[in-house]
Every structure is written in structure tokens, then in C-alpha cells.
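S.K.: structure-v1.cif is reproduced in full below (mmCIF, C-alpha atoms, pLDDT in the B column; chains and numbers go by the auth columns).
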data_final
#
loop_
_atom_site.group_PDB
_atom_site.id
_atom_site.type_symbol
_atom_site.label_atom_id
_atom_site.label_comp_id
_atom_site.label_asym_id
_atom_site.label_seq_id
_atom_site.Cartn_x
_atom_site.Cartn_y
_atom_site.Cartn_z
_atom_site.B_iso_or_equiv
_atom_site.auth_seq_id
_atom_site.auth_asym_id
ATOM 1 C CA MET A 1 22.697 1.441 -1.005 58.00 1 S
ATOM 2 C CA ASP A 2 20.258 -0.017 -3.527 73.00 2 S
ATOM 3 C CA GLU A 3 17.532 2.533 -4.125 76.00 3 S
ATOM 4 C CA HIS A 4 13.898 1.446 -4.069 83.00 4 S
ATOM 5 C CA PHE A 5 10.746 3.223 -5.215 92.00 5 S
ATOM 6 C CA VAL A 6 8.028 2.717 -2.616 95.00 6 S
ATOM 7 C CA TRP A 7 4.347 3.643 -2.502 95.00 7 S
ATOM 8 C CA VAL A 8 2.856 3.754 1.010 96.00 8 S
ATOM 9 C CA THR A 9 -0.878 4.037 1.630 96.00 9 S
ATOM 10 C CA THR A 10 -2.515 4.170 5.050 97.00 10 S
ATOM 11 C CA ARG A 11 -6.274 3.887 5.352 97.00 11 S
ATOM 12 C CA ARG A 12 -8.492 4.253 8.395 97.00 12 S
ATOM 13 C CA VAL A 13 -11.270 1.698 8.029 96.00 13 S
ATOM 14 C CA LYS A 14 -14.818 2.187 9.310 95.00 14 S
ATOM 15 C CA PRO A 15 -15.455 0.181 12.493 93.00 15 S
ATOM 16 C CA GLY A 16 -16.581 -3.386 11.861 91.00 16 S
ATOM 17 C CA THR A 17 -15.707 -3.388 8.150 93.00 17 S
ATOM 18 C CA LEU A 18 -12.145 -4.749 8.106 90.00 18 S
ATOM 19 C CA GLU A 19 -13.122 -8.092 6.572 91.00 19 S
ATOM 20 C CA GLU A 20 -15.085 -6.466 3.746 93.00 20 S
ATOM 21 C CA PHE A 21 -12.311 -3.910 3.218 93.00 21 S
ATOM 22 C CA GLU A 22 -9.683 -6.665 2.937 90.00 22 S
ATOM 23 C CA ARG A 23 -11.681 -8.439 0.215 89.00 23 S
ATOM 24 C CA ALA A 24 -11.950 -5.205 -1.797 91.00 24 S
ATOM 25 C CA TRP A 25 -8.350 -4.141 -1.126 87.00 25 S
ATOM 26 C CA ARG A 26 -6.460 -7.023 -2.695 81.00 26 S
ATOM 27 C CA PRO A 27 -5.831 -6.416 -6.405 73.00 27 S
ATOM 28 C CA SER A 28 -7.274 -9.007 -8.779 76.00 28 S
ATOM 29 C CA ALA A 29 -4.040 -9.087 -10.817 79.00 29 S
ATOM 30 C CA HIS A 30 -0.382 -8.472 -10.031 84.00 30 S
ATOM 31 C CA PRO A 31 0.470 -4.949 -11.217 91.00 31 S
ATOM 32 C CA ASP A 32 3.267 -4.698 -13.799 92.00 32 S
ATOM 33 C CA GLY A 33 6.406 -3.234 -12.248 94.00 33 S
ATOM 34 C CA MET A 34 5.535 -4.094 -8.630 94.00 34 S
ATOM 35 C CA SER A 35 8.219 -6.314 -7.123 93.00 35 S
ATOM 36 C CA ARG A 36 7.017 -6.712 -3.517 93.00 36 S
ATOM 37 C CA ALA A 37 4.127 -5.698 -1.313 92.00 37 S
ATOM 38 C CA PHE A 38 3.470 -5.745 2.420 94.00 38 S
ATOM 39 C CA ALA A 39 0.394 -5.012 4.531 92.00 39 S
ATOM 40 C CA TYR A 40 0.301 -4.003 8.196 95.00 40 S
ATOM 41 C CA TRP A 41 -2.769 -3.739 10.435 93.00 41 S
ATOM 42 C CA SER A 42 -3.127 -1.803 13.673 94.00 42 S
ATOM 43 C CA GLU A 43 -4.052 -3.880 16.714 92.00 43 S
ATOM 44 C CA ASP A 44 -7.575 -2.473 16.738 91.00 44 S
ATOM 45 C CA GLY A 45 -8.077 -3.377 13.053 88.00 45 S
ATOM 46 C CA GLN A 46 -9.009 0.188 12.174 94.00 46 S
ATOM 47 C CA GLU A 47 -5.903 1.181 10.248 96.00 47 S
ATOM 48 C CA VAL A 48 -4.212 -0.640 7.369 95.00 48 S
ATOM 49 C CA THR A 49 -0.894 0.377 5.832 96.00 49 S
ATOM 50 C CA GLY A 50 0.208 -1.020 2.493 94.00 50 S
ATOM 51 C CA VAL A 51 3.820 -0.761 1.334 95.00 51 S
ATOM 52 C CA SER A 52 4.644 -1.713 -2.247 94.00 52 S
ATOM 53 C CA PHE A 53 8.013 -1.734 -4.004 94.00 53 S
ATOM 54 C CA TRP A 54 8.160 -0.726 -7.669 94.00 54 S
ATOM 55 C CA ASP A 55 10.680 -0.927 -10.500 92.00 55 S
ATOM 56 C CA SER A 56 10.167 2.800 -11.125 91.00 56 S
ATOM 57 C CA ARG A 57 7.887 5.682 -10.283 91.00 57 S
ATOM 58 C CA GLN A 58 6.496 5.467 -13.829 94.00 58 S
ATOM 59 C CA ALA A 59 5.414 1.845 -13.239 94.00 59 S
ATOM 60 C CA CYS A 60 3.654 2.847 -10.023 94.00 60 S
ATOM 61 C CA ASP A 61 1.994 5.862 -11.656 95.00 61 S
ATOM 62 C CA ALA A 62 0.804 3.677 -14.547 96.00 62 S
ATOM 63 C CA TRP A 63 -0.842 1.267 -12.091 94.00 63 S
ATOM 64 C CA ARG A 64 -2.386 4.108 -10.096 93.00 64 S
ATOM 65 C CA ALA A 65 -3.904 5.528 -13.320 96.00 65 S
ATOM 66 C CA SER A 66 -5.174 2.140 -14.532 94.00 66 S
ATOM 67 C CA GLU A 67 -8.803 1.059 -14.798 93.00 67 S
ATOM 68 C CA ALA A 68 -8.060 -1.950 -12.542 91.00 68 S
ATOM 69 C CA GLU A 69 -6.824 0.340 -9.756 92.00 69 S
ATOM 70 C CA LYS A 70 -9.839 2.629 -10.182 94.00 70 S
ATOM 71 C CA ARG A 71 -12.175 -0.365 -9.762 92.00 71 S
ATOM 72 C CA ARG A 72 -10.236 -1.488 -6.691 92.00 72 S
ATOM 73 C CA ARG A 73 -10.416 1.972 -5.106 93.00 73 S
ATOM 74 C CA ASP A 74 -14.140 2.222 -5.887 95.00 74 S
ATOM 75 C CA ALA A 75 -14.687 -1.168 -4.212 95.00 75 S
ATOM 76 C CA MET A 76 -12.791 -0.033 -1.081 95.00 76 S
ATOM 77 C CA ALA A 77 -14.449 3.382 -0.813 97.00 77 S
ATOM 78 C CA PRO A 78 -17.510 2.319 1.250 97.00 78 S
ATOM 79 C CA TYR A 79 -15.213 1.009 4.015 97.00 79 S
ATOM 80 C CA VAL A 80 -12.649 3.838 4.196 97.00 80 S
ATOM 81 C CA GLU A 81 -12.932 6.840 6.525 97.00 81 S
ATOM 82 C CA GLU A 82 -9.566 8.411 5.713 97.00 82 S
ATOM 83 C CA GLU A 83 -6.685 7.774 3.315 96.00 83 S
ATOM 84 C CA ARG A 84 -3.109 9.050 3.210 97.00 84 S
ATOM 85 C CA GLU A 85 -0.542 8.084 0.610 95.00 85 S
ATOM 86 C CA GLY A 86 2.939 9.014 -0.450 95.00 86 S
ATOM 87 C CA TYR A 87 5.638 8.004 -2.842 92.00 87 S
ATOM 88 C CA TYR A 88 9.161 7.566 -1.473 92.00 88 S
ATOM 89 C CA ARG A 89 12.693 6.697 -2.560 89.00 89 S
ATOM 90 C CA GLY A 90 15.170 5.029 -0.251 86.00 90 S
ATOM 91 C CA GLY A 91 16.813 1.803 0.723 84.00 91 S
ATOM 92 C CA GLU A 92 17.482 -0.702 3.439 83.00 92 S
ATOM 93 C CA LEU A 93 19.594 0.482 6.348 82.00 93 S
ATOM 94 C CA ALA A 94 22.408 -1.694 7.617 82.00 94 S
ATOM 95 C CA ILE A 95 21.969 -2.810 11.214 85.00 95 S
ATOM 96 C CA PRO A 96 25.283 -2.563 13.065 86.00 96 S
ATOM 97 C CA THR A 97 26.515 -5.788 14.598 85.00 97 S
ATOM 98 C CA GLY A 98 28.816 -6.265 17.540 75.00 98 S
ATOM 99 C CA GLY A 99 29.209 -4.551 20.885 64.00 99 S
ATOM 100 C CA SER A 100 28.123 -1.141 22.036 61.00 100 S
ATOM 101 C CA SER A 101 30.153 1.999 21.400 56.00 101 S
#
Would you mind giving the structure from this file in C-alpha cells?

M.R.:
Amino acid sequence: MDEHFVWVTTRRVKPGTLEEFERAWRPSAHPDGMSRAFAYWSEDGQEVTGVSFWDSRQACDAWRASEAEKRRRDAMAPYVEEEREGYYRGGELAIPTGGSS
């Protein structure tokens, strides 16, 4: 299994502010060491989960400590009620094919 380094952040957004939050949330530049990123929204538009894949934990930590990320977080802050984040290692699971066992 190819191992990936993943940073997951889930934010609860204040009601009625999703559009403003989305503008502030997107980074102005592609972070060095980030290979892929995904965003998922709850049906009610109140929770947003971002999943980003990194070359290494050090690359992710460098971005998180950067001035660009600080500005981005400061811009998001007025729209966020709660934030949870975590750093994970893992890989893609194979989906079995064929009949049932």
C-alpha cells in the first residue's frame, strides 16, 4: 500500500456565511509539497471538510506555519464557529471485486 500523508480539517461555518467563508478559504497560491486537495460540504452548508495530500508531514507543517496560511486562517476566522483538524497517515483500500463470500 502506498502511504500518504493527509491533513484533514473540518470547520463549522456560521449560518449564512458559506459564500464568504469559501472566498476566504481557498489559498491564494498552491502550497509547496501539497499534491492533491478535496473539499466536502454538508447538505446544510454549515460544515466544510478539507482533505489535502502532502509529500511529507514536514511539507504540511511548513505550510501550516507559513505567513500565507496565517493570513488565510485570519480571513476565515469571522465565519468559523468551530474547527477540528488532524494529521493522518494511510493509503487507499482495495475494493474487492467479484461475488459475495

S.K.: Taking the file as I've supplied it (selection: the PyMOL selection byres ((chain S and resi 49) around 6)), which residues are included? Please answer as a count of residues only.

M.R.: 6

S.K.: Could you tell me which of S:Ala37, S:Val80, S:Ala62, S:Leu93 comes closest to Pro15 (chain S) if we count all atoms listed in the file?

M.R.: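 Closest to Pro15 (chain S) of all the choices is S:Val80.
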
S.K.: Could you check the closest approach to Gln58 (chain S) for each of S:Gly16, S:Pro96, S:Gly86, S:Gly33 and tell me which residue wins, using only C-alpha atoms?

M.R.: S:Gly33

S.K.: Care to translate the PyMOL selection byres ((chain S and resi 28) around 9) into actual residues of this file, as an MDAnalysis selection string?

M.R.: chainID S and resid 26:27 29:30 68 72

S.K.: Emit the selected residues as a PDB file, in the frame of the given file, including C-alpha atoms.

M.R.:
ATOM      1  CA  ARG S  26      -6.460  -7.023  -2.695  1.00 81.00           C
ATOM      2  CA  PRO S  27      -5.831  -6.416  -6.405  1.00 73.00           C
ATOM      3  CA  ALA S  29      -4.040  -9.087 -10.817  1.00 79.00           C
ATOM      4  CA  HIS S  30      -0.382  -8.472 -10.031  1.00 84.00           C
ATOM      5  CA  ALA S  68      -8.060  -1.950 -12.542  1.00 91.00           C
ATOM      6  CA  ARG S  72     -10.236  -1.488  -6.691  1.00 92.00           C
TER       7      ARG S  72
END

S.K.: Can you tell me how far CA of Arg36 (chain S) sits from CA of Trp54 (chain S), in Å to one decimal?

M.R.: 7.4 Å

S.K.: Taking only C-alpha atoms into account, which of S:Ala77, S:Gly91, S:Arg84, S:Cys60 comes nearest Glu20 (chain S)?

M.R.: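 Of the candidates, the smallest distance to Glu20 (chain S) is held by S:Ala77.
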
S.K.: Hey, can you check how far CA of Pro78 (chain S) sits from CA of Thr17 (chain S)?

M.R.: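 Distance reported for this atom pair: 9.1 Å.
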
S.K.: Using all atoms listed in the file, can you tell me which of S:Arg64, S:Arg11, S:Arg73, S:Arg57 comes closest to Gly45 (chain S)?

M.R.: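 Looking only at the distances to Gly45 (chain S), the closest residue turns out to be S:Arg11.
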
S.K.: To one decimal in Å, tell me the separation between CA of Phe21 (chain S) and CA of Val6 (chain S).

M.R.: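 Going from CA of Phe21 (chain S) over to CA of Val6 (chain S), I get 22.2 Å.
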
S.K.: Could you check the closest approach to Val8 (chain S) for each of S:Ala59, S:Tyr79, S:Ser52, S:Gly90 and tell me which residue wins, using only C-alpha atoms?

M.R.: S:Ser52

S.K.: If you keep N, CA and C atoms, can you output region 47-81 of chain S as a PDB file, in the first residue's frame?

M.R.:
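Result saved to decode_20.pdb:
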ATOM      1  N   GLU S  47     -21.076  22.810   7.447  1.00  0.00           N
ATOM      2  CA  GLU S  47     -19.829  22.159   7.779  1.00  0.00           C
ATOM      3  C   GLU S  47     -19.043  21.893   6.504  1.00  0.00           C
ATOM      4  N   VAL S  48     -17.748  22.203   6.552  1.00  0.00           N
ATOM      5  CA  VAL S  48     -16.867  22.021   5.397  1.00  0.00           C
ATOM      6  C   VAL S  48     -15.658  21.215   5.859  1.00  0.00           C
ATOM      7  N   THR S  49     -15.365  20.145   5.129  1.00  0.00           N
ATOM      8  CA  THR S  49     -14.201  19.319   5.431  1.00  0.00           C
ATOM      9  C   THR S  49     -13.228  19.403   4.265  1.00  0.00           C
ATOM     10  N   GLY S  50     -11.996  19.760   4.569  1.00  0.00           N
ATOM     11  CA  GLY S  50     -10.937  19.791   3.577  1.00  0.00           C
ATOM     12  C   GLY S  50      -9.968  18.647   3.825  1.00  0.00           C
ATOM     13  N   VAL S  51      -9.585  17.964   2.751  1.00  0.00           N
ATOM     14  CA  VAL S  51      -8.643  16.851   2.830  1.00  0.00           C
ATOM     15  C   VAL S  51      -7.525  17.148   1.847  1.00  0.00           C
ATOM     16  N   SER S  52      -6.309  17.283   2.347  1.00  0.00           N
ATOM     17  CA  SER S  52      -5.177  17.563   1.459  1.00  0.00           C
ATOM     18  C   SER S  52      -4.102  16.497   1.633  1.00  0.00           C
ATOM     19  N   PHE S  53      -3.490  16.134   0.508  1.00  0.00           N
ATOM     20  CA  PHE S  53      -2.445  15.116   0.464  1.00  0.00           C
ATOM     21  C   PHE S  53      -1.102  15.821   0.303  1.00  0.00           C
ATOM     22  N   TRP S  54      -0.120  15.387   1.084  1.00  0.00           N
ATOM     23  CA  TRP S  54       1.176  16.053   1.150  1.00  0.00           C
ATOM     24  C   TRP S  54       2.308  15.088   0.878  1.00  0.00           C
ATOM     25  N   ASP S  55       3.417  15.609   0.356  1.00  0.00           N
ATOM     26  CA  ASP S  55       4.607  14.796   0.123  1.00  0.00           C
ATOM     27  C   ASP S  55       5.189  14.276   1.439  1.00  0.00           C
ATOM     28  N   SER S  56       5.058  15.064   2.500  1.00  0.00           N
ATOM     29  CA  SER S  56       5.588  14.681   3.807  1.00  0.00           C
ATOM     30  C   SER S  56       4.897  15.508   4.891  1.00  0.00           C
ATOM     31  N   ARG S  57       5.033  15.069   6.108  1.00  0.00           N
ATOM     32  CA  ARG S  57       4.498  15.843   7.224  1.00  0.00           C
ATOM     33  C   ARG S  57       5.233  17.177   7.334  1.00  0.00           C
ATOM     34  N   GLN S  58       6.536  17.177   7.044  1.00  0.00           N
ATOM     35  CA  GLN S  58       7.325  18.402   7.129  1.00  0.00           C
ATOM     36  C   GLN S  58       6.806  19.452   6.145  1.00  0.00           C
ATOM     37  N   ALA S  59       6.420  19.018   4.939  1.00  0.00           N
ATOM     38  CA  ALA S  59       5.875  19.960   3.950  1.00  0.00           C
ATOM     39  C   ALA S  59       4.572  20.564   4.455  1.00  0.00           C
ATOM     40  N   CYS S  60       3.722  19.724   5.038  1.00  0.00           N
ATOM     41  CA  CYS S  60       2.453  20.218   5.582  1.00  0.00           C
ATOM     42  C   CYS S  60       2.703  21.176   6.745  1.00  0.00           C
ATOM     43  N   ASP S  61       3.588  20.796   7.648  1.00  0.00           N
ATOM     44  CA  ASP S  61       3.894  21.656   8.802  1.00  0.00           C
ATOM     45  C   ASP S  61       4.468  23.000   8.357  1.00  0.00           C
ATOM     46  N   ALA S  62       5.305  22.973   7.311  1.00  0.00           N
ATOM     47  CA  ALA S  62       5.877  24.227   6.800  1.00  0.00           C
ATOM     48  C   ALA S  62       4.777  25.138   6.271  1.00  0.00           C
ATOM     49  N   TRP S  63       3.811  24.582   5.550  1.00  0.00           N
ATOM     50  CA  TRP S  63       2.685  25.381   5.060  1.00  0.00           C
ATOM     51  C   TRP S  63       1.870  25.920   6.230  1.00  0.00           C
ATOM     52  N   ARG S  64       1.570  25.067   7.191  1.00  0.00           N
ATOM     53  CA  ARG S  64       0.750  25.475   8.328  1.00  0.00           C
ATOM     54  C   ARG S  64       1.411  26.595   9.123  1.00  0.00           C
ATOM     55  N   ALA S  65       2.755  26.644   9.134  1.00  0.00           N
ATOM     56  CA  ALA S  65       3.483  27.686   9.865  1.00  0.00           C
ATOM     57  C   ALA S  65       3.756  28.923   9.013  1.00  0.00           C
ATOM     58  N   SER S  66       3.354  28.901   7.749  1.00  0.00           N
ATOM     59  CA  SER S  66       3.691  29.998   6.837  1.00  0.00           C
ATOM     60  C   SER S  66       2.824  31.243   7.073  1.00  0.00           C
ATOM     61  N   GLU S  67       3.346  32.367   6.618  1.00  0.00           N
ATOM     62  CA  GLU S  67       2.598  33.631   6.697  1.00  0.00           C
ATOM     63  C   GLU S  67       1.350  33.581   5.818  1.00  0.00           C
ATOM     64  N   ALA S  68       1.436  32.929   4.657  1.00  0.00           N
ATOM     65  CA  ALA S  68       0.278  32.809   3.759  1.00  0.00           C
ATOM     66  C   ALA S  68      -0.853  32.046   4.429  1.00  0.00           C
ATOM     67  N   GLU S  69      -0.535  30.987   5.147  1.00  0.00           N
ATOM     68  CA  GLU S  69      -1.577  30.210   5.843  1.00  0.00           C
ATOM     69  C   GLU S  69      -2.142  31.002   7.014  1.00  0.00           C
ATOM     70  N   LYS S  70      -1.308  31.768   7.700  1.00  0.00           N
ATOM     71  CA  LYS S  70      -1.811  32.615   8.789  1.00  0.00           C
ATOM     72  C   LYS S  70      -2.815  33.637   8.254  1.00  0.00           C
ATOM     73  N   ARG S  71      -2.483  34.262   7.128  1.00  0.00           N
ATOM     74  CA  ARG S  71      -3.414  35.239   6.522  1.00  0.00           C
ATOM     75  C   ARG S  71      -4.729  34.563   6.123  1.00  0.00           C
ATOM     76  N   ARG S  72      -4.623  33.364   5.566  1.00  0.00           N
ATOM     77  CA  ARG S  72      -5.822  32.635   5.155  1.00  0.00           C
ATOM     78  C   ARG S  72      -6.692  32.298   6.372  1.00  0.00           C
ATOM     79  N   ARG S  73      -6.075  31.826   7.430  1.00  0.00           N
ATOM     80  CA  ARG S  73      -6.837  31.497   8.646  1.00  0.00           C
ATOM     81  C   ARG S  73      -7.462  32.753   9.266  1.00  0.00           C
ATOM     82  N   ASP S  74      -6.735  33.851   9.257  1.00  0.00           N
ATOM     83  CA  ASP S  74      -7.279  35.111   9.781  1.00  0.00           C
ATOM     84  C   ASP S  74      -8.486  35.557   8.958  1.00  0.00           C
ATOM     85  N   ALA S  75      -8.418  35.362   7.632  1.00  0.00           N
ATOM     86  CA  ALA S  75      -9.533  35.750   6.763  1.00  0.00           C
ATOM     87  C   ALA S  75     -10.760  34.874   6.995  1.00  0.00           C
ATOM     88  N   MET S  76     -10.560  33.602   7.343  1.00  0.00           N
ATOM     89  CA  MET S  76     -11.670  32.677   7.588  1.00  0.00           C
ATOM     90  C   MET S  76     -12.306  32.878   8.962  1.00  0.00           C
ATOM     91  N   ALA S  77     -11.524  33.321   9.919  1.00  0.00           N
ATOM     92  CA  ALA S  77     -11.942  33.359  11.323  1.00  0.00           C
ATOM     93  C   ALA S  77     -13.323  33.973  11.569  1.00  0.00           C
ATOM     94  N   PRO S  78     -13.711  35.075  10.916  1.00  0.00           N
ATOM     95  CA  PRO S  78     -15.021  35.652  11.215  1.00  0.00           C
ATOM     96  C   PRO S  78     -16.200  34.745  10.851  1.00  0.00           C
ATOM     97  N   TYR S  79     -15.980  33.724  10.046  1.00  0.00           N
ATOM     98  CA  TYR S  79     -17.056  32.868   9.555  1.00  0.00           C
ATOM     99  C   TYR S  79     -17.086  31.488  10.211  1.00  0.00           C
ATOM    100  N   VAL S  80     -16.114  31.201  11.072  1.00  0.00           N
ATOM    101  CA  VAL S  80     -15.965  29.860  11.646  1.00  0.00           C
ATOM    102  C   VAL S  80     -16.437  29.831  13.098  1.00  0.00           C
ATOM    103  N   GLU S  81     -17.327  28.861  13.398  1.00  0.00           N
ATOM    104  CA  GLU S  81     -17.778  28.653  14.773  1.00  0.00           C
ATOM    105  C   GLU S  81     -16.910  27.632  15.496  1.00  0.00           C
TER     106      GLU S  81
END
